[in-house]
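Asker: Sharing structure-v5.txt here; it has compact mmCIF, C-alpha atoms.
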```
# COMPACT_ATOMS: atom_id res chain seq x y z
CA MET A 12 1.41 -3.14 -7.85
CA THR A 13 3.28 -0.31 -6.15
CA ALA A 14 1.56 0.64 -2.91
CA THR A 15 2.86 3.36 -0.62
CA VAL A 16 1.24 4.48 2.65
CA ARG A 17 2.93 7.22 4.64
CA LEU A 18 2.03 9.38 7.63
CA GLN A 19 4.14 12.45 8.19
CA ARG A 20 4.26 15.93 9.69
CA GLU A 21 6.09 17.41 6.71
CA PRO A 22 4.49 18.67 3.50
CA PHE A 23 4.48 16.36 0.48
CA ASP A 24 5.14 16.98 -3.20
CA ALA A 25 2.01 15.79 -5.01
CA ALA A 26 3.52 16.12 -8.49
CA ALA A 27 6.63 14.13 -7.56
CA GLU A 28 4.53 11.40 -5.89
CA ALA A 29 2.30 11.13 -8.98
CA ALA A 30 5.29 10.99 -11.33
CA ARG A 31 6.77 8.14 -9.29
CA LEU A 32 3.80 5.90 -10.20
CA THR A 33 4.27 6.27 -13.95
CA ARG A 34 8.05 6.50 -14.26
CA GLY A 35 9.53 3.87 -16.55
CA ARG A 36 6.27 2.14 -17.41
CA LYS A 37 3.89 2.23 -20.36
CA ASP A 38 0.86 0.34 -19.03
CA VAL A 39 -0.55 3.28 -17.04
CA GLY A 40 -3.30 4.98 -19.00
CA ALA A 41 -4.88 6.92 -16.15
CA LEU A 42 -3.44 8.67 -13.12
CA VAL A 43 -5.75 10.34 -10.60
CA THR A 44 -4.30 12.66 -7.98
CA PHE A 45 -6.45 13.98 -5.14
CA THR A 46 -5.14 16.52 -2.65
CA GLY A 47 -7.11 17.58 0.42
CA ILE A 48 -6.28 21.11 1.60
CA CYS A 49 -6.93 22.93 4.87
CA ARG A 50 -9.65 25.54 4.22
CA GLY A 51 -9.46 29.02 5.71
CA GLU A 52 -12.94 28.83 7.19
CA GLU A 53 -15.13 26.26 8.93
CA GLN A 54 -18.90 26.80 9.07
CA GLY A 55 -18.52 30.48 8.34
CA SER A 56 -15.79 31.23 10.89
CA PRO A 57 -12.23 32.09 9.85
CA LEU A 58 -9.76 29.38 10.79
CA VAL A 59 -6.36 30.06 12.36
CA ALA A 60 -5.12 26.46 12.09
CA MET A 61 -6.12 22.82 12.24
CA THR A 62 -4.43 20.10 14.28
CA LEU A 63 -4.67 16.48 13.21
CA GLU A 64 -4.32 13.86 15.92
CA HIS A 65 -3.86 10.23 14.90
CA TYR A 66 -3.47 6.77 16.40
CA PRO A 67 0.07 5.74 15.41
CA GLY A 68 0.26 2.16 14.23
CA MET A 69 -3.47 1.78 13.72
CA ALA A 70 -3.71 4.63 11.21
CA GLU A 71 -1.09 3.07 8.92
CA ALA A 72 -2.65 -0.39 9.28
CA GLU A 73 -6.16 0.85 8.59
CA ILE A 74 -5.10 2.77 5.47
CA ALA A 75 -3.07 -0.23 4.23
CA ARG A 76 -6.14 -2.47 4.68
CA HIS A 77 -8.19 -0.15 2.50
CA VAL A 78 -5.48 0.09 -0.13
CA GLU A 79 -5.57 -3.72 -0.30
CA ALA A 80 -9.36 -3.63 -0.59
CA ALA A 81 -9.06 -1.15 -3.47
CA GLU A 82 -6.54 -3.43 -5.20
CA ARG A 83 -8.94 -6.36 -4.97
CA ARG A 84 -11.79 -4.30 -6.35
CA TRP A 85 -10.14 -2.48 -9.27
CA PRO A 86 -7.23 -3.41 -11.55
CA LEU A 87 -4.78 -0.86 -10.17
CA LEU A 88 -1.16 -0.41 -11.19
CA GLY A 89 -0.17 1.82 -8.31
CA VAL A 90 -1.53 3.56 -5.20
CA THR A 91 0.03 6.18 -2.96
CA VAL A 92 -1.64 7.55 0.17
CA ILE A 93 0.07 10.20 2.30
CA HIS A 94 -1.69 11.68 5.33
CA ARG A 95 -0.21 14.49 7.38
CA TYR A 96 -0.66 15.04 11.11
CA GLY A 97 0.16 17.85 13.52
CA ARG A 98 -0.69 21.52 13.16
CA LEU A 99 -1.59 22.78 9.68
CA GLU A 100 -2.49 26.28 8.58
CA PRO A 101 -5.08 27.22 5.94
CA GLY A 102 -3.77 26.52 2.45
CA GLU A 103 -1.56 23.65 3.60
CA GLU A 104 -2.06 20.19 2.14
CA ILE A 105 -3.53 17.53 4.44
CA VAL A 106 -3.86 14.34 2.42
CA LEU A 107 -2.78 12.91 -0.93
CA VAL A 108 -4.28 9.96 -2.79
CA VAL A 109 -2.78 8.90 -6.13
CA THR A 110 -4.17 5.97 -8.11
CA ALA A 111 -2.78 4.58 -11.37
CA SER A 112 -4.62 2.23 -13.69
CA SER A 113 -4.93 1.37 -17.36
CA HIS A 114 -8.32 3.07 -17.59
CA ARG A 115 -9.74 6.18 -16.00
CA GLN A 116 -12.90 4.68 -14.45
CA ASP A 117 -10.87 2.40 -12.21
CA ALA A 118 -8.42 5.12 -11.17
CA PHE A 119 -11.24 7.61 -10.40
CA ALA A 120 -13.32 5.07 -8.48
CA ALA A 121 -10.40 3.77 -6.41
CA ALA A 122 -9.32 7.30 -5.45
CA GLU A 123 -12.85 8.18 -4.36
CA PHE A 124 -13.23 4.92 -2.45
CA LEU A 125 -9.98 5.55 -0.58
CA MET A 126 -10.91 9.13 0.31
CA ASP A 127 -14.38 8.14 1.51
CA TYR A 128 -12.84 5.54 3.79
CA LEU A 129 -10.08 7.82 5.05
CA LYS A 130 -12.78 10.26 6.18
CA THR A 131 -14.72 7.74 8.23
CA ARG A 132 -12.49 4.79 9.16
CA ALA A 133 -8.90 5.98 9.45
CA PRO A 134 -8.15 7.01 13.08
CA PHE A 135 -7.55 10.73 12.63
CA TRP A 136 -9.28 13.57 14.46
CA LYS A 137 -9.32 17.22 13.43
CA GLN A 138 -9.30 20.01 15.94
CA VAL A 139 -9.84 23.48 14.53
CA GLU A 140 -8.44 26.64 16.04
CA TYR A 141 -10.33 29.94 15.76
CA ALA A 142 -9.28 33.33 17.10
CA GLY A 143 -11.56 32.66 20.09
CA GLY A 144 -10.62 29.06 20.91
CA LYS A 145 -10.43 25.47 19.72
CA SER A 146 -13.00 22.80 18.95
CA TRP A 147 -13.04 19.22 17.70
CA VAL A 148 -14.61 18.74 14.29
CA ASP A 149 -17.81 16.65 14.39
CA ALA A 150 -18.06 13.66 12.08
CA LYS A 151 -20.47 14.31 9.22
CA GLN A 152 -23.32 11.92 8.45
CA SER A 153 -22.85 12.81 4.78
CA ASP A 154 -19.33 11.33 4.99
CA ASP A 155 -20.72 8.09 6.47
CA ALA A 156 -23.22 7.90 3.61
CA LEU A 157 -20.43 8.35 1.06
CA ALA A 158 -18.39 5.55 2.64
CA ASP A 159 -21.43 3.27 2.93
CA ARG A 160 -22.18 3.37 -0.79
CA TRP A 161 -19.05 1.27 -1.44
CA THR A 162 -20.43 -1.58 0.63
CA ARG A 163 -23.35 -1.98 -1.77
CA PRO A 164 -22.82 -4.61 -4.46
CA ALA A 165 -22.06 -3.64 -8.07
CA GLY A 166 -22.02 0.16 -8.38
CA ARG A 167 -18.64 1.32 -9.55
CA ARG A 168 -19.09 5.01 -9.26
CA GLU A 169 -22.56 5.88 -8.11
CA ALA A 170 -23.61 9.46 -7.68
CA ALA A 171 -23.37 10.68 -4.10
CA GLU A 172 -26.50 11.97 -2.43
CA MET B 5 -4.30 -4.24 29.61
CA LYS B 6 -3.44 -0.84 28.24
CA LEU B 7 -6.17 1.68 27.50
CA ARG B 8 -5.55 4.53 25.07
CA TYR B 9 -7.68 7.61 24.57
CA PHE B 10 -7.76 10.02 21.65
CA ALA B 11 -9.14 13.48 20.79
CA TRP B 12 -11.86 14.73 23.19
CA VAL B 13 -12.05 11.39 24.99
CA ARG B 14 -8.37 11.91 25.91
CA GLU B 15 -8.98 15.54 26.90
CA ARG B 16 -11.94 14.74 29.11
CA ILE B 17 -10.21 11.86 30.91
CA GLY B 18 -7.06 13.95 31.21
CA LYS B 19 -4.53 11.34 30.09
CA PRO B 20 -3.57 9.63 26.84
CA GLU B 21 -3.22 6.10 28.25
CA GLU B 22 -3.23 3.96 31.38
CA GLU B 23 -2.89 0.37 32.53
CA ILE B 24 -6.04 -1.15 34.01
CA GLU B 25 -7.25 -4.50 35.27
CA PRO B 26 -11.04 -4.69 34.89
CA PRO B 27 -12.99 -7.03 37.18
CA ALA B 28 -13.65 -10.54 35.93
CA GLY B 29 -17.32 -9.86 35.19
CA ILE B 30 -16.47 -7.33 32.47
CA VAL B 31 -16.68 -9.29 29.22
CA THR B 32 -17.38 -6.89 26.35
CA VAL B 33 -16.18 -3.49 25.15
CA GLY B 34 -19.58 -2.04 26.04
CA GLU B 35 -19.35 -3.40 29.58
CA LEU B 36 -15.85 -1.98 29.90
CA ILE B 37 -17.19 1.46 28.98
CA GLY B 38 -19.90 1.08 31.62
CA TRP B 39 -17.30 0.13 34.23
CA LEU B 40 -15.02 3.03 33.27
CA ARG B 41 -17.92 5.48 33.65
CA GLY B 42 -18.05 4.65 37.33
CA ARG B 43 -14.40 5.48 37.90
CA GLY B 44 -14.87 9.23 38.33
CA ASP B 45 -16.38 12.41 36.95
CA GLU B 46 -13.81 12.70 34.17
CA TYR B 47 -14.70 9.20 32.90
CA ALA B 48 -18.43 9.83 33.31
CA HIS B 49 -17.99 12.97 31.18
CA ALA B 50 -15.92 11.22 28.50
CA PHE B 51 -18.35 8.32 28.21
CA GLU B 52 -21.60 10.21 28.89
CA ASN B 53 -22.92 9.20 25.46
CA PRO B 54 -21.55 5.68 24.80
CA LYS B 55 -23.27 5.55 21.39
CA VAL B 56 -20.80 8.03 19.90
CA ILE B 57 -17.73 6.30 21.33
CA ARG B 58 -15.70 4.19 18.90
CA ALA B 59 -13.34 1.45 20.06
CA ALA B 60 -10.40 -0.54 18.73
CA ILE B 61 -8.81 -3.68 20.14
CA ASP B 62 -5.15 -4.14 19.26
CA ARG B 63 -5.49 -1.49 16.57
CA ALA B 64 -8.53 -2.84 14.73
CA HIS B 65 -12.05 -1.39 14.89
CA VAL B 66 -14.49 -3.36 17.07
CA ARG B 67 -18.16 -3.15 18.03
CA PRO B 68 -19.44 -2.71 21.61
CA ASP B 69 -20.42 -6.40 21.86
CA THR B 70 -16.86 -7.60 21.11
CA ALA B 71 -15.21 -9.61 23.90
CA ILE B 72 -12.16 -8.00 25.50
CA VAL B 73 -10.56 -11.27 26.56
CA GLY B 74 -6.93 -11.43 25.46
CA ALA B 75 -6.79 -7.77 24.42
CA ARG B 76 -3.44 -6.07 24.96
CA GLU B 77 -4.51 -2.57 23.97
CA ILE B 78 -8.02 -1.10 23.84
CA ALA B 79 -8.51 2.40 22.46
CA PHE B 80 -11.52 4.69 22.84
CA PHE B 81 -12.12 7.70 20.61
CA PRO B 82 -14.80 9.85 18.96
CA PRO B 83 -15.99 9.23 15.38
CA MET B 84 -13.09 9.80 13.02
CA THR B 85 -12.63 13.00 11.03
CA GLY B 86 -9.56 12.41 8.85
CA GLY B 87 -9.03 12.93 5.15
```
Just dump the structure as structure tokens.
Answerer:
Amino acid sequence: MTATVRLQREPFDAAAEAARLTRGRKDVGALVTFTGICRGEEQGSPLVAMTLEHYPGMAEAEIARHVEAAERRWPLLGVTVIHRYGRLEPGEEIVLVVTASSHRQDAFAAAEFLMDYLKTRAPFWKQVEYAGGKSWVDAKQSDDALADRWTRPAGRREAAE
Amino acid sequence: MKLRYFAWVRERIGKPEEEIEPPAGIVTVGELIGWLRGRGDEYAHAFENPKVIRAAIDRAHVRPDTAIVGAREIAFFPPMTGG
């Protein structure tokens, strides 16, 4: 399986990354691409920018661990995770998850699993910048609940609360 | 051992990392937090609510009852908000 994990300041090309997982092969029947984008407002207030801080070394290792967990859980043919850090403005892309599999259920589930874990376990912290100042984003309990559902047995793609 | 701080823990303490030598009686991550709290107002502020503080030893998540013996790098940070 092709697994790529990358952290970078620069923008990424989601289409090119997705194409890389299918090029030259005929066993991929499903390709899921998820892109997280910086919204222009947070809790009703217009956002100037968002800065992502990360723990170099641990962030890569933690994402790689979860990619391996996804590989053990679903028959994947390829996974790419790219997470940006630094200062991002509304409309800019933050994170990319691409999963390739023979069948769509596995590709969808693995992409969701990886995103749920990135939100709660990967050492990144968002600080948002408004016209009047800056503040650190609080972790959401709803994100913890989404990540926790993957620790329950069975359940491939259960509905989120 | 090296301590590293991230996000608002780093801001409150006022530095991203430091070398420390905790006293011999400090065995767990939770005890280390308690000891750090007594080092000054900036530490007391950063660790005022230990329940929300997350920790990693040598770049892997750990719980407060984990022993710190042999750790080279211990990091403290708020709950993560990536993705």
Asker: What lies within 8 Å of A:Val92 using only C-alpha atoms, ignoring chain neighbours under 2 positions off, as a PDB file with C-alpha atoms, keeping the file's coordinate frame?
Answerer:
```
ATOM      1  CA  THR A  15       2.860   3.360  -0.620  1.00  0.00           C
ATOM      2  CA  VAL A  16       1.240   4.480   2.650  1.00  0.00           C
ATOM      3  CA  ARG A  17       2.930   7.220   4.640  1.00  0.00           C
ATOM      4  CA  ILE A  74      -5.100   2.770   5.470  1.00  0.00           C
ATOM      5  CA  VAL A  90      -1.530   3.560  -5.200  1.00  0.00           C
ATOM      6  CA  HIS A  94      -1.690  11.680   5.330  1.00  0.00           C
ATOM      7  CA  VAL A 106      -3.860  14.340   2.420  1.00  0.00           C
ATOM      8  CA  LEU A 107      -2.780  12.910  -0.930  1.00  0.00           C
ATOM      9  CA  VAL A 108      -4.280   9.960  -2.790  1.00  0.00           C
ATOM     10  CA  VAL A 109      -2.780   8.900  -6.130  1.00  0.00           C
TER      11      VAL A 109
END
```
Asker: Taking all atoms listed in the file into account and nothing else, which residues of chain A lie no more than 10 Å away from chain B? Please answer as a ChimeraX atom specification.
Answerer: /A:46-48,63-73,93-96,105-108,125-138,146-151,154
Asker: Would you pick out the contacts of A:Pro22 at 7 Å or less, using all atoms listed in the file, so that residues sharing its chain but fewer than 2 positions from it are not included, and give the list as a PyMOL selection string?
Answerer: chain A and resi 20+24+104
Asker: Neighbours of A:Ala81 within 9 Å (only C-alpha atoms; same-chain residues fewer than 5 positions away dropped), as a list in words?
Answerer: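 These residues fall inside the cut-off: Arg76, Pro86, Leu87, Ala121, Ala122, Phe124 and Leu125 of chain A.
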Asker: Could you tell me, as a list in words, which residues have any atom at most 12 Å from (-20.6, -0.9, 25.4), counting all atoms listed in the file?
Answerer: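 I get Ile30, Val31, Thr32, Val33, Gly34, Glu35, Leu36, Ile37, Gly38, Trp39, Leu40, Arg41, Phe51, Glu52, Asn53, Pro54, Lys55, Val56, Ile57, Arg58, Ala59, Val66, Arg67, Pro68, Asp69, Thr70, Ala71, Ile72 and Phe80 of chain B for the residues within 12 Å of that point.
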Asker: Restrict the selected residues to C-alpha atoms and save them as a CSV table (one decimal), in the frame of the given file.
Answerer:
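The new file out03.csv reads:
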```csv
chain,number,residue,atom,x,y,z
B,30,ILE,CA,-16.5,-7.3,32.5
B,31,VAL,CA,-16.7,-9.3,29.2
B,32,THR,CA,-17.4,-6.9,26.4
B,33,VAL,CA,-16.2,-3.5,25.2
B,34,GLY,CA,-19.6,-2.0,26.0
B,35,GLU,CA,-19.4,-3.4,29.6
B,36,LEU,CA,-15.8,-2.0,29.9
B,37,ILE,CA,-17.2,1.5,29.0
B,38,GLY,CA,-19.9,1.1,31.6
B,39,TRP,CA,-17.3,0.1,34.2
B,40,LEU,CA,-15.0,3.0,33.3
B,41,ARG,CA,-17.9,5.5,33.6
B,51,PHE,CA,-18.4,8.3,28.2
B,52,GLU,CA,-21.6,10.2,28.9
B,53,ASN,CA,-22.9,9.2,25.5
B,54,PRO,CA,-21.6,5.7,24.8
B,55,LYS,CA,-23.3,5.6,21.4
B,56,VAL,CA,-20.8,8.0,19.9
B,57,ILE,CA,-17.7,6.3,21.3
B,58,ARG,CA,-15.7,4.2,18.9
B,59,ALA,CA,-13.3,1.4,20.1
B,66,VAL,CA,-14.5,-3.4,17.1
B,67,ARG,CA,-18.2,-3.2,18.0
B,68,PRO,CA,-19.4,-2.7,21.6
B,69,ASP,CA,-20.4,-6.4,21.9
B,70,THR,CA,-16.9,-7.6,21.1
B,71,ALA,CA,-15.2,-9.6,23.9
B,72,ILE,CA,-12.2,-8.0,25.5
B,80,PHE,CA,-11.5,4.7,22.8
```
Asker: Compile the contact shell of A:Ala60 as a list in words: residues with an atom at most 6 Å away, counting only C-alpha atoms, same-chain residues fewer than 3 positions apart removed.
Answerer: Leu99, Glu100 and Glu140 of chain A
Asker: Around all the atoms of stretch 155-164 of chain A listed in the file, with 5 Å of room on each side, what axis-aligned box do you get, giving centre and edge lengths in Å to one decimal, as lines of an AutoDock Vina configuration file?
Answerer:
```
center_x = -20.9
center_y = 1.9
center_z = 1.0
size_x = 15.0
size_y = 23.0
size_z = 20.9
```
Asker: Quick one: distance from atom CA of B:Leu7 to atom CA of B:Arg76 in Å, one decimal?
Answerer: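 Rounded to one decimal, the two atoms are 8.6 Å apart.
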Asker: From the set A:His114, A:Lys145, A:Arg31, A:Arg163, which residue has the shortest atom-to-atom contact distance to A:Trp85, counting all atoms listed in the file?
Answerer: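 Closest to A:Trp85 of all the choices is A:His114.
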Asker: Using all atoms listed in the file for the distances, tell me which of B:Lys6, B:Gly44, B:Glu77, B:His49 is nearest to B:Glu22.
Answerer: B:Lys6
Asker: What is the atom CA of B:Arg14 to atom CA of B:Gly42 distance in Å?
Answerer: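 Computed distance, atom CA of B:Arg14 to atom CA of B:Gly42, equals 16.6 Å.
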Asker: I'd like the interatomic distance between atom CA of A:Ser153 and atom CA of A:Ala118, to a tenth of an Å.
Answerer: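 If I compute the distance from atom CA of A:Ser153 to atom CA of A:Ala118, I get 22.8 Å.
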Asker: Calculated over all atoms listed in the file, which of the candidates A:Thr33, A:Gln19, A:Gln152, A:Ser56 has the smallest distance to A:Gly97?
Answerer: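 Closest residue, counting all atoms listed in the file: A:Gln19.
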Asker: Compare A:Thr91, A:Gln54, A:Pro101, A:Phe45 by their minimum atom-to-atom distance to A:Ala75, counting only C-alpha atoms, and give me the closest one.
Answerer: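 Residue with the minimum atom-to-atom distance to A:Ala75: A:Thr91.
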Asker: Within 10 Å of A:Leu32, counting all atoms listed in the file, which residues qualify if same-chain residues fewer than 6 places away don't, as a list in words?
Answerer: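 Close residues of A:Leu32: Met12, Thr13, Ala14, Thr15, Val39, Leu42, Leu88, Gly89, Val90, Thr91, Val109, Thr110, Ala111 and Ser112 of chain A.
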